Each structure stands twice: as C-alpha cells, then as structure tokens.
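Enquirer: Sharing model.cif, mmCIF, N, CA and C atoms:
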```
data_protein
#
loop_
_atom_site.label_atom_id
_atom_site.label_comp_id
_atom_site.auth_asym_id
_atom_site.auth_seq_id
_atom_site.Cartn_x
_atom_site.Cartn_y
_atom_site.Cartn_z
N MET A 1 -12.94 -1.97 8.93
CA MET A 1 -11.89 -2.96 9.00
C MET A 1 -12.17 -3.95 10.13
N TYR A 2 -12.78 -3.45 11.20
CA TYR A 2 -13.08 -4.30 12.33
C TYR A 2 -14.00 -5.45 11.91
N GLU A 3 -14.98 -5.16 11.03
CA GLU A 3 -15.87 -6.21 10.52
C GLU A 3 -15.06 -7.28 9.79
N PHE A 4 -14.10 -6.87 9.00
CA PHE A 4 -13.27 -7.81 8.26
C PHE A 4 -12.49 -8.69 9.22
N ILE A 5 -11.94 -8.10 10.27
CA ILE A 5 -11.18 -8.87 11.25
C ILE A 5 -12.08 -9.90 11.92
N LEU A 6 -13.27 -9.48 12.33
CA LEU A 6 -14.21 -10.40 12.98
C LEU A 6 -14.60 -11.54 12.05
N GLU A 7 -14.86 -11.22 10.79
CA GLU A 7 -15.29 -12.24 9.83
C GLU A 7 -14.18 -13.21 9.46
N THR A 8 -12.94 -12.82 9.58
CA THR A 8 -11.84 -13.65 9.10
C THR A 8 -11.02 -14.28 10.21
N THR A 9 -11.40 -14.11 11.47
CA THR A 9 -10.57 -14.65 12.54
C THR A 9 -10.54 -16.17 12.56
N ASN A 10 -11.56 -16.83 12.00
CA ASN A 10 -11.54 -18.28 11.95
C ASN A 10 -10.69 -18.80 10.79
N ILE A 11 -10.30 -17.92 9.91
CA ILE A 11 -9.47 -18.28 8.77
C ILE A 11 -8.04 -17.84 9.09
N ASP A 12 -7.09 -18.60 8.66
CA ASP A 12 -5.70 -18.27 8.97
C ASP A 12 -5.27 -17.02 8.20
N GLN A 13 -5.64 -15.84 8.74
CA GLN A 13 -5.36 -14.59 8.03
C GLN A 13 -3.88 -14.25 8.00
N ALA A 14 -3.09 -14.89 8.85
CA ALA A 14 -1.65 -14.62 8.85
C ALA A 14 -0.92 -15.45 7.80
N LYS A 15 -1.65 -16.33 7.12
CA LYS A 15 -1.02 -17.17 6.10
C LYS A 15 -0.63 -16.32 4.90
N ALA A 16 0.57 -16.51 4.44
CA ALA A 16 1.06 -15.77 3.27
C ALA A 16 0.44 -16.37 2.01
N GLN A 17 -0.76 -15.92 1.67
CA GLN A 17 -1.49 -16.47 0.53
C GLN A 17 -1.86 -15.41 -0.50
N PHE A 18 -1.18 -14.25 -0.44
CA PHE A 18 -1.47 -13.15 -1.36
C PHE A 18 -0.17 -12.67 -2.00
N TYR A 19 -0.31 -12.16 -3.21
CA TYR A 19 0.85 -11.64 -3.94
C TYR A 19 0.50 -10.26 -4.48
N THR A 20 1.33 -9.29 -4.19
CA THR A 20 1.18 -7.94 -4.72
C THR A 20 2.49 -7.54 -5.39
N PRO A 21 2.50 -7.41 -6.72
CA PRO A 21 3.74 -6.99 -7.39
C PRO A 21 4.15 -5.60 -6.92
N TYR A 22 5.43 -5.33 -6.99
CA TYR A 22 5.91 -4.00 -6.64
C TYR A 22 5.23 -2.96 -7.53
N ASP A 23 4.93 -1.80 -6.94
CA ASP A 23 4.24 -0.76 -7.70
C ASP A 23 5.16 -0.10 -8.72
N ASP A 24 4.55 0.58 -9.68
CA ASP A 24 5.32 1.19 -10.76
C ASP A 24 6.28 2.27 -10.27
N LEU A 25 5.94 2.98 -9.20
CA LEU A 25 6.85 4.01 -8.70
C LEU A 25 8.11 3.40 -8.09
N SER A 26 8.02 2.17 -7.62
CA SER A 26 9.20 1.50 -7.04
C SER A 26 10.07 0.86 -8.11
N THR A 27 9.53 0.62 -9.28
CA THR A 27 10.28 -0.10 -10.30
C THR A 27 10.65 0.74 -11.53
N TYR A 28 9.91 1.80 -11.82
CA TYR A 28 10.16 2.60 -13.02
C TYR A 28 11.49 3.33 -12.91
N LYS A 29 12.37 3.08 -13.82
CA LYS A 29 13.70 3.70 -13.87
C LYS A 29 14.45 3.55 -12.55
N SER A 30 14.19 2.46 -11.84
CA SER A 30 14.85 2.23 -10.56
C SER A 30 16.30 1.81 -10.78
N LEU A 31 17.16 2.25 -9.91
CA LEU A 31 18.56 1.86 -9.96
C LEU A 31 18.78 0.50 -9.29
N VAL A 32 17.75 0.02 -8.59
CA VAL A 32 17.83 -1.25 -7.87
C VAL A 32 16.80 -2.21 -8.46
N ARG A 33 17.23 -3.41 -8.78
CA ARG A 33 16.32 -4.44 -9.27
C ARG A 33 15.74 -5.18 -8.07
N LEU A 34 14.43 -5.05 -7.88
CA LEU A 34 13.79 -5.60 -6.70
C LEU A 34 13.45 -7.08 -6.83
N GLY A 35 13.38 -7.58 -8.04
CA GLY A 35 12.99 -8.97 -8.22
C GLY A 35 11.50 -9.14 -7.99
N GLU A 36 11.08 -10.31 -7.57
CA GLU A 36 9.67 -10.59 -7.32
C GLU A 36 9.34 -10.33 -5.86
N ALA A 37 8.17 -9.78 -5.62
CA ALA A 37 7.70 -9.57 -4.25
C ALA A 37 7.34 -10.92 -3.63
N ASN A 38 7.43 -11.01 -2.32
CA ASN A 38 7.12 -12.24 -1.60
C ASN A 38 5.61 -12.38 -1.38
N LEU A 39 5.17 -13.61 -1.17
CA LEU A 39 3.79 -13.83 -0.73
C LEU A 39 3.63 -13.22 0.65
N HIS A 40 2.42 -12.76 0.95
CA HIS A 40 2.18 -12.07 2.22
C HIS A 40 0.73 -12.24 2.65
N PRO A 41 0.44 -11.99 3.93
CA PRO A 41 -0.95 -11.92 4.36
C PRO A 41 -1.50 -10.52 4.06
N ILE A 42 -2.82 -10.34 4.05
CA ILE A 42 -3.38 -9.00 3.94
C ILE A 42 -3.33 -8.32 5.30
N LEU A 43 -3.72 -9.04 6.30
CA LEU A 43 -3.77 -8.50 7.66
C LEU A 43 -2.98 -9.44 8.55
N SER A 44 -1.81 -9.01 8.96
CA SER A 44 -0.95 -9.93 9.71
C SER A 44 -1.00 -9.69 11.21
N ASP A 45 -1.82 -8.75 11.65
CA ASP A 45 -1.92 -8.44 13.08
C ASP A 45 -3.38 -8.25 13.41
N ILE A 46 -3.90 -8.98 14.38
CA ILE A 46 -5.30 -8.93 14.74
C ILE A 46 -5.73 -7.53 15.19
N ASP A 47 -4.80 -6.70 15.63
CA ASP A 47 -5.11 -5.33 16.04
C ASP A 47 -5.21 -4.39 14.84
N GLY A 48 -5.04 -4.90 13.64
CA GLY A 48 -5.20 -4.10 12.44
C GLY A 48 -3.94 -3.41 11.97
N VAL A 49 -2.81 -3.77 12.53
CA VAL A 49 -1.54 -3.19 12.12
C VAL A 49 -0.96 -4.06 11.02
N ASP A 50 -0.33 -3.46 10.08
CA ASP A 50 0.30 -4.13 8.95
C ASP A 50 -0.73 -4.63 7.95
N LEU A 51 -1.42 -3.70 7.35
CA LEU A 51 -2.36 -3.97 6.27
C LEU A 51 -1.59 -3.96 4.96
N ARG A 52 -1.78 -4.98 4.15
CA ARG A 52 -1.07 -5.05 2.87
C ARG A 52 -2.06 -5.44 1.79
N PHE A 53 -2.64 -4.43 1.15
CA PHE A 53 -3.64 -4.69 0.12
C PHE A 53 -3.65 -3.56 -0.89
N PHE A 54 -3.68 -3.91 -2.16
CA PHE A 54 -3.73 -2.94 -3.24
C PHE A 54 -4.80 -3.44 -4.20
N GLU A 55 -5.95 -2.78 -4.24
CA GLU A 55 -7.06 -3.24 -5.06
C GLU A 55 -6.63 -3.34 -6.52
N ASN A 56 -7.01 -4.42 -7.15
CA ASN A 56 -6.69 -4.75 -8.54
C ASN A 56 -5.23 -5.13 -8.75
N ARG A 57 -4.45 -5.19 -7.69
CA ARG A 57 -3.06 -5.64 -7.81
C ARG A 57 -2.80 -6.84 -6.89
N THR A 58 -3.33 -6.80 -5.68
CA THR A 58 -3.14 -7.92 -4.75
C THR A 58 -3.98 -9.10 -5.25
N LYS A 59 -3.34 -10.23 -5.43
CA LYS A 59 -4.00 -11.43 -5.94
C LYS A 59 -3.90 -12.55 -4.90
N ALA A 60 -4.93 -13.37 -4.83
CA ALA A 60 -4.94 -14.51 -3.94
C ALA A 60 -4.31 -15.71 -4.62
N THR A 61 -3.65 -16.55 -3.84
CA THR A 61 -3.08 -17.78 -4.37
C THR A 61 -3.91 -18.99 -3.95
N THR A 62 -4.99 -18.74 -3.20
CA THR A 62 -5.87 -19.82 -2.75
C THR A 62 -7.32 -19.38 -2.92
N ASP A 63 -8.24 -20.33 -2.90
CA ASP A 63 -9.67 -20.00 -2.98
C ASP A 63 -10.12 -19.25 -1.73
N VAL A 64 -9.58 -19.64 -0.57
CA VAL A 64 -9.91 -18.94 0.68
C VAL A 64 -9.45 -17.49 0.58
N GLY A 65 -8.27 -17.28 0.06
CA GLY A 65 -7.74 -15.94 -0.12
C GLY A 65 -8.59 -15.11 -1.07
N LEU A 66 -9.06 -15.73 -2.14
CA LEU A 66 -9.93 -15.03 -3.09
C LEU A 66 -11.21 -14.56 -2.41
N ALA A 67 -11.78 -15.41 -1.58
CA ALA A 67 -12.99 -15.04 -0.84
C ALA A 67 -12.70 -13.88 0.12
N LEU A 68 -11.53 -13.88 0.75
CA LEU A 68 -11.16 -12.77 1.64
C LEU A 68 -11.04 -11.46 0.88
N ILE A 69 -10.42 -11.50 -0.30
CA ILE A 69 -10.28 -10.29 -1.11
C ILE A 69 -11.65 -9.74 -1.50
N GLU A 70 -12.55 -10.61 -1.92
CA GLU A 70 -13.89 -10.17 -2.31
C GLU A 70 -14.62 -9.51 -1.14
N LYS A 71 -14.52 -10.10 0.06
CA LYS A 71 -15.15 -9.52 1.25
C LYS A 71 -14.53 -8.17 1.59
N LEU A 72 -13.21 -8.09 1.50
CA LEU A 72 -12.52 -6.86 1.84
C LEU A 72 -12.90 -5.73 0.87
N ILE A 73 -12.93 -6.01 -0.42
CA ILE A 73 -13.29 -4.99 -1.40
C ILE A 73 -14.71 -4.48 -1.15
N ALA A 74 -15.62 -5.38 -0.88
CA ALA A 74 -17.01 -4.97 -0.60
C ALA A 74 -17.06 -4.09 0.64
N LEU A 75 -16.33 -4.46 1.68
CA LEU A 75 -16.30 -3.68 2.92
C LEU A 75 -15.68 -2.30 2.69
N LEU A 76 -14.59 -2.26 1.94
CA LEU A 76 -13.93 -0.97 1.68
C LEU A 76 -14.85 -0.03 0.91
N HIS A 77 -15.50 -0.53 -0.12
CA HIS A 77 -16.37 0.33 -0.93
C HIS A 77 -17.62 0.76 -0.16
N LYS A 78 -18.07 -0.08 0.75
CA LYS A 78 -19.22 0.27 1.59
C LYS A 78 -18.89 1.42 2.53
N ASN A 79 -17.64 1.49 2.98
CA ASN A 79 -17.23 2.48 3.97
C ASN A 79 -16.38 3.62 3.41
N LYS A 80 -16.20 3.65 2.11
CA LYS A 80 -15.33 4.66 1.47
C LYS A 80 -15.91 6.06 1.63
N ILE A 81 -15.05 7.01 1.93
CA ILE A 81 -15.44 8.42 1.94
C ILE A 81 -14.43 9.20 1.09
N CYS A 82 -14.86 10.31 0.57
CA CYS A 82 -13.97 11.16 -0.24
C CYS A 82 -13.54 12.37 0.57
N VAL A 83 -12.30 12.75 0.40
CA VAL A 83 -11.76 13.95 1.02
C VAL A 83 -11.25 14.83 -0.11
N HIS A 84 -11.76 16.05 -0.16
CA HIS A 84 -11.33 16.98 -1.21
C HIS A 84 -10.12 17.77 -0.71
N LEU A 85 -9.00 17.62 -1.40
CA LEU A 85 -7.79 18.36 -1.04
C LEU A 85 -7.74 19.67 -1.82
N ARG A 86 -7.45 20.71 -1.12
CA ARG A 86 -7.31 22.03 -1.74
C ARG A 86 -5.84 22.42 -1.78
N THR A 87 -5.52 23.47 -2.45
CA THR A 87 -4.15 23.95 -2.55
C THR A 87 -3.54 24.08 -1.16
N GLY A 88 -2.39 23.45 -0.98
CA GLY A 88 -1.68 23.53 0.29
C GLY A 88 -2.07 22.45 1.28
N ASP A 89 -3.09 21.65 1.00
CA ASP A 89 -3.50 20.58 1.91
C ASP A 89 -2.52 19.42 1.86
N LEU A 90 -2.41 18.73 2.97
CA LEU A 90 -1.53 17.57 3.08
C LEU A 90 -2.23 16.51 3.92
N ILE A 91 -2.15 15.29 3.48
CA ILE A 91 -2.60 14.16 4.27
C ILE A 91 -1.39 13.26 4.45
N ALA A 92 -1.12 12.88 5.68
CA ALA A 92 -0.01 11.96 5.97
C ALA A 92 -0.56 10.80 6.78
N SER A 93 -0.17 9.61 6.39
CA SER A 93 -0.65 8.41 7.05
C SER A 93 0.36 7.31 6.85
N GLN A 94 0.51 6.46 7.84
CA GLN A 94 1.38 5.31 7.66
C GLN A 94 0.65 4.30 6.79
N ASN A 95 1.25 3.91 5.68
CA ASN A 95 0.60 3.03 4.72
C ASN A 95 0.12 1.73 5.33
N ASN A 96 0.88 1.17 6.25
CA ASN A 96 0.48 -0.12 6.79
C ASN A 96 -0.53 0.00 7.93
N TYR A 97 -0.95 1.21 8.29
CA TYR A 97 -1.97 1.41 9.32
C TYR A 97 -3.30 1.83 8.71
N SER A 98 -3.36 1.98 7.40
CA SER A 98 -4.60 2.47 6.80
C SER A 98 -4.76 1.92 5.39
N ILE A 99 -6.00 1.86 4.97
CA ILE A 99 -6.30 1.57 3.57
C ILE A 99 -6.69 2.92 2.97
N HIS A 100 -6.04 3.30 1.90
CA HIS A 100 -6.29 4.60 1.31
C HIS A 100 -6.17 4.49 -0.21
N CYS A 101 -6.63 5.51 -0.88
CA CYS A 101 -6.52 5.51 -2.33
C CYS A 101 -6.39 6.95 -2.81
N LYS A 102 -6.08 7.06 -4.07
CA LYS A 102 -6.06 8.36 -4.73
C LYS A 102 -7.00 8.25 -5.92
N LYS A 103 -8.06 8.99 -5.87
CA LYS A 103 -9.02 8.97 -6.97
C LYS A 103 -9.23 10.42 -7.42
N ILE A 104 -8.99 10.68 -8.68
CA ILE A 104 -9.16 12.03 -9.19
C ILE A 104 -10.63 12.23 -9.53
N MET A 105 -11.27 13.14 -8.81
CA MET A 105 -12.68 13.44 -9.03
C MET A 105 -12.84 14.56 -10.07
N ALA A 106 -11.92 15.51 -10.04
CA ALA A 106 -11.94 16.63 -10.99
C ALA A 106 -10.53 17.20 -11.09
N MET A 107 -10.20 17.72 -12.25
CA MET A 107 -8.90 18.33 -12.47
C MET A 107 -9.15 19.78 -12.82
N ASN A 108 -8.99 20.67 -11.83
CA ASN A 108 -9.31 22.07 -12.04
C ASN A 108 -8.16 22.87 -12.64
N HIS A 109 -6.93 22.45 -12.37
CA HIS A 109 -5.75 23.18 -12.85
C HIS A 109 -4.79 22.18 -13.48
N ILE A 110 -5.05 21.82 -14.71
CA ILE A 110 -4.29 20.77 -15.38
C ILE A 110 -2.81 21.12 -15.49
N GLU A 111 -2.48 22.34 -15.85
CA GLU A 111 -1.07 22.73 -15.98
C GLU A 111 -0.34 22.66 -14.63
N SER A 112 -1.00 23.09 -13.57
CA SER A 112 -0.39 23.01 -12.23
C SER A 112 -0.16 21.55 -11.83
N ALA A 113 -1.10 20.69 -12.18
CA ALA A 113 -0.98 19.28 -11.82
C ALA A 113 0.24 18.63 -12.48
N LYS A 114 0.59 19.10 -13.67
CA LYS A 114 1.75 18.55 -14.37
C LYS A 114 3.05 18.87 -13.65
N GLN A 115 3.04 19.91 -12.82
CA GLN A 115 4.24 20.32 -12.11
C GLN A 115 4.19 19.96 -10.62
N ARG A 116 3.18 19.19 -10.23
CA ARG A 116 3.01 18.82 -8.83
C ARG A 116 4.16 17.94 -8.35
N TRP A 117 4.58 18.18 -7.15
CA TRP A 117 5.69 17.45 -6.56
C TRP A 117 5.16 16.36 -5.66
N MET A 118 5.51 15.12 -5.95
CA MET A 118 5.07 13.99 -5.14
C MET A 118 6.27 13.39 -4.43
N ILE A 119 6.06 13.01 -3.21
CA ILE A 119 7.11 12.36 -2.43
C ILE A 119 6.60 10.98 -2.04
N LYS A 120 7.41 9.98 -2.28
CA LYS A 120 7.06 8.63 -1.83
C LYS A 120 7.94 8.31 -0.64
N THR A 121 7.30 7.98 0.46
CA THR A 121 8.04 7.62 1.66
C THR A 121 7.77 6.17 1.99
N VAL A 122 8.66 5.58 2.76
CA VAL A 122 8.53 4.19 3.16
C VAL A 122 8.73 4.11 4.67
N ASN A 123 7.79 3.44 5.33
CA ASN A 123 7.93 3.19 6.76
C ASN A 123 8.39 1.76 6.94
N VAL A 124 9.40 1.56 7.73
CA VAL A 124 9.90 0.20 7.96
C VAL A 124 10.05 -0.04 9.46
N ASN A 125 9.87 -1.29 9.85
CA ASN A 125 10.08 -1.62 11.25
C ASN A 125 11.36 -2.41 11.46
N ASP A 126 12.08 -2.69 10.38
CA ASP A 126 13.35 -3.41 10.47
C ASP A 126 14.30 -2.82 9.43
N TYR A 127 15.10 -1.86 9.84
CA TYR A 127 15.99 -1.16 8.92
C TYR A 127 16.95 -2.11 8.21
N ASP A 128 17.38 -3.15 8.88
CA ASP A 128 18.33 -4.08 8.27
C ASP A 128 17.78 -4.71 6.99
N ARG A 129 16.45 -4.86 6.90
CA ARG A 129 15.84 -5.46 5.70
C ARG A 129 15.99 -4.57 4.47
N ILE A 130 16.07 -3.24 4.65
CA ILE A 130 16.13 -2.34 3.49
C ILE A 130 17.49 -1.67 3.33
N LYS A 131 18.37 -1.90 4.26
CA LYS A 131 19.68 -1.22 4.27
C LYS A 131 20.41 -1.33 2.92
N LYS A 132 20.35 -2.49 2.29
CA LYS A 132 21.07 -2.68 1.02
C LYS A 132 20.51 -1.83 -0.12
N TYR A 133 19.31 -1.26 0.06
CA TYR A 133 18.69 -0.44 -0.98
C TYR A 133 18.91 1.05 -0.76
N THR A 134 19.63 1.43 0.28
CA THR A 134 19.81 2.86 0.57
C THR A 134 21.09 3.40 -0.06
N VAL A 135 21.12 4.71 -0.25
CA VAL A 135 22.29 5.38 -0.80
C VAL A 135 23.40 5.36 0.24
N GLU A 136 24.59 5.04 -0.18
CA GLU A 136 25.73 4.98 0.74
C GLU A 136 25.90 6.29 1.48
N ASN A 137 26.08 6.22 2.77
CA ASN A 137 26.25 7.37 3.68
C ASN A 137 24.98 8.21 3.83
N LYS A 138 23.87 7.73 3.30
CA LYS A 138 22.59 8.42 3.46
C LYS A 138 21.52 7.35 3.71
N GLY A 139 21.54 6.75 4.87
CA GLY A 139 20.68 5.63 5.19
C GLY A 139 19.21 5.93 5.14
N TYR A 140 18.85 7.20 5.09
CA TYR A 140 17.44 7.59 5.04
C TYR A 140 16.92 7.66 3.60
N LEU A 141 17.80 7.52 2.61
CA LEU A 141 17.43 7.71 1.21
C LEU A 141 17.52 6.39 0.45
N VAL A 142 16.39 5.94 -0.06
CA VAL A 142 16.37 4.70 -0.84
C VAL A 142 16.89 4.98 -2.24
N ASN A 143 17.77 4.11 -2.71
CA ASN A 143 18.40 4.24 -4.01
C ASN A 143 17.47 3.68 -5.08
N GLY A 144 16.69 4.52 -5.69
CA GLY A 144 15.75 4.01 -6.70
C GLY A 144 15.10 5.05 -7.43
#
```
Hey, can you dump this file as structure tokens for me?
Expert:
Amino acid sequence: MYEFILETTNIDQAKAQFYTPYDDLSTYKSLVRLGEANLHPILSDIDGVDLRFFENRTKATTDVGLALIEKLIALLHKNKICVHLRTGDLIASQNNYSIHCKKIMAMNHIESAKQRWMIKTVNVNDYDRIKKYTVENKGYLVNG
C-alpha cells in the first residue's frame, strides 16, 4: 500500500472520483432503503487510514481515477497472500484499515459451510451519520 501512496501523492487522491455501490449483504432483504452510495476517494488519508476499494465493484468516474484503480489492482495482486482458516479460526480487522478478500480455495465440508454463521460488523467514526439506521433503543444494532 505504501507504494501506492507514494505513486499517487501527486494526484489528488482525496478527490471523490470513485463510486462503489452498496454490497449485496447491505441491501438484500434490508428493512432500510439506502439509496445510492456517494462518490468517494479510495485513500482519503495519506497515513493509509480509510481505504475504500472493492475490486470489480469500485468504479472510477475520471480517467485519472481509472489509472489509479489499475495501479492499485496490480499492486494488490503482486502482494496478495493466502491464509488458510481452520475450524474455530477467526480473523478480525477494521475494514477501512486493510484491503482483504474472501477467496474459497477448497470446500472440504460442504454441508457444514451451509450452516456457517457470518456476522457483518460496521466500524464508524461518526455515530450521528448512521444513527437513523439503527434499531430503536439498540443503537449498536443496524436495522437491515
């Protein structure tokens, strides 16, 4: 990521020139209509905090942005490593502090996978922005 920051510092990386539609887990059978996502930068902090990129979903609205996406994808694939999770393993990471993916390399227990429990969490730095989406009297629970 540091290479990407160095290569893009002369370009206005804080410019909101990218669009990433809300993911299917946020919209499927949701009780809240989110509307359209806003334009955003990929990297809005030179220290690498607040990364917003989803390969094959984040789209550029400018030619400069398209070039940034191409460089970022090449860098990510060059540095990608695989981590094999075993039964009982857990990985926790703040989404906006890391670029991560889920790639199924092998499915050893198909029936168990059908019953796997997934939790989607959201980290926010401004609670007031999401307050209207939470369950009444349960501010920690997003209504969706």
Enquirer: Could you expand the PyMOL selection byres (((chain A and resi 82-84 and name CA) around 9) and name CA) into the explicit residues it covers here, written as a ChimeraX atom specification?
Expert: /A:80-81,85-86,103,105
Enquirer: Let's have the selection written as a PDB file, in the frame of the given file, with N, CA and C atoms.
Expert:
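In the end it all went to out_36.pdb:
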```
ATOM      1  N   LYS A  80     -16.200   3.650   2.110  1.00  0.00           N
ATOM      2  CA  LYS A  80     -15.330   4.660   1.470  1.00  0.00           C
ATOM      3  C   LYS A  80     -15.910   6.060   1.630  1.00  0.00           C
ATOM      4  N   ILE A  81     -15.050   7.010   1.930  1.00  0.00           N
ATOM      5  CA  ILE A  81     -15.440   8.420   1.940  1.00  0.00           C
ATOM      6  C   ILE A  81     -14.430   9.200   1.090  1.00  0.00           C
ATOM      7  N   LEU A  85      -9.000  17.620  -1.400  1.00  0.00           N
ATOM      8  CA  LEU A  85      -7.790  18.360  -1.040  1.00  0.00           C
ATOM      9  C   LEU A  85      -7.740  19.670  -1.820  1.00  0.00           C
ATOM     10  N   ARG A  86      -7.450  20.710  -1.120  1.00  0.00           N
ATOM     11  CA  ARG A  86      -7.310  22.030  -1.740  1.00  0.00           C
ATOM     12  C   ARG A  86      -5.840  22.420  -1.780  1.00  0.00           C
ATOM     13  N   LYS A 103      -8.060   8.990  -5.870  1.00  0.00           N
ATOM     14  CA  LYS A 103      -9.020   8.970  -6.970  1.00  0.00           C
ATOM     15  C   LYS A 103      -9.230  10.420  -7.420  1.00  0.00           C
ATOM     16  N   MET A 105     -11.270  13.140  -8.810  1.00  0.00           N
ATOM     17  CA  MET A 105     -12.680  13.440  -9.030  1.00  0.00           C
ATOM     18  C   MET A 105     -12.840  14.560 -10.070  1.00  0.00           C
TER      19      MET A 105
END
```
Enquirer: Would you kindly return, as a PDB file with N, CA and C atoms, keeping the file's coordinate frame, each protein, DNA or RNA residue with an atom no farther than 7 Å from any atom of A:Arg52, considering only N, CA and C atoms and excluding same-chain residues fewer than 5 positions away?
Expert:
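Full text of part_23.pdb as output:
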```
ATOM      1  N   PRO A  41       0.440 -11.990   3.930  1.00  0.00           N
ATOM      2  CA  PRO A  41      -0.950 -11.920   4.360  1.00  0.00           C
ATOM      3  C   PRO A  41      -1.500 -10.520   4.060  1.00  0.00           C
ATOM      4  N   ILE A  42      -2.820 -10.340   4.050  1.00  0.00           N
ATOM      5  CA  ILE A  42      -3.380  -9.000   3.940  1.00  0.00           C
ATOM      6  C   ILE A  42      -3.330  -8.320   5.300  1.00  0.00           C
ATOM      7  N   LEU A  43      -3.720  -9.040   6.300  1.00  0.00           N
ATOM      8  CA  LEU A  43      -3.770  -8.500   7.660  1.00  0.00           C
ATOM      9  C   LEU A  43      -2.980  -9.440   8.550  1.00  0.00           C
ATOM     10  N   SER A  44      -1.810  -9.010   8.960  1.00  0.00           N
ATOM     11  CA  SER A  44      -0.950  -9.930   9.710  1.00  0.00           C
ATOM     12  C   SER A  44      -1.000  -9.690  11.210  1.00  0.00           C
ATOM     13  N   ASN A  96       0.880   1.170   6.250  1.00  0.00           N
ATOM     14  CA  ASN A  96       0.480  -0.120   6.790  1.00  0.00           C
ATOM     15  C   ASN A  96      -0.530   0.000   7.930  1.00  0.00           C
TER      16      ASN A  96
END
```
Enquirer: Have a look at atom CA of A:Val142 and atom CA of A:Glu111 and let me know their distance in Å, one decimal.
Expert: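 Going from atom CA of A:Val142 over to atom CA of A:Glu111 covers 29.3 Å.
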Enquirer: What does the distance from atom CA of A:Val124 to atom CA of A:Tyr19 come to in Å, to one decimal?
Expert: 19.1 Å
Enquirer: Could you please determine the separation between atom C of A:Lys15 and atom CA of A:Lys131 in Å, to one decimal place?
Expert: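 A separation of 25.3 Å between them.
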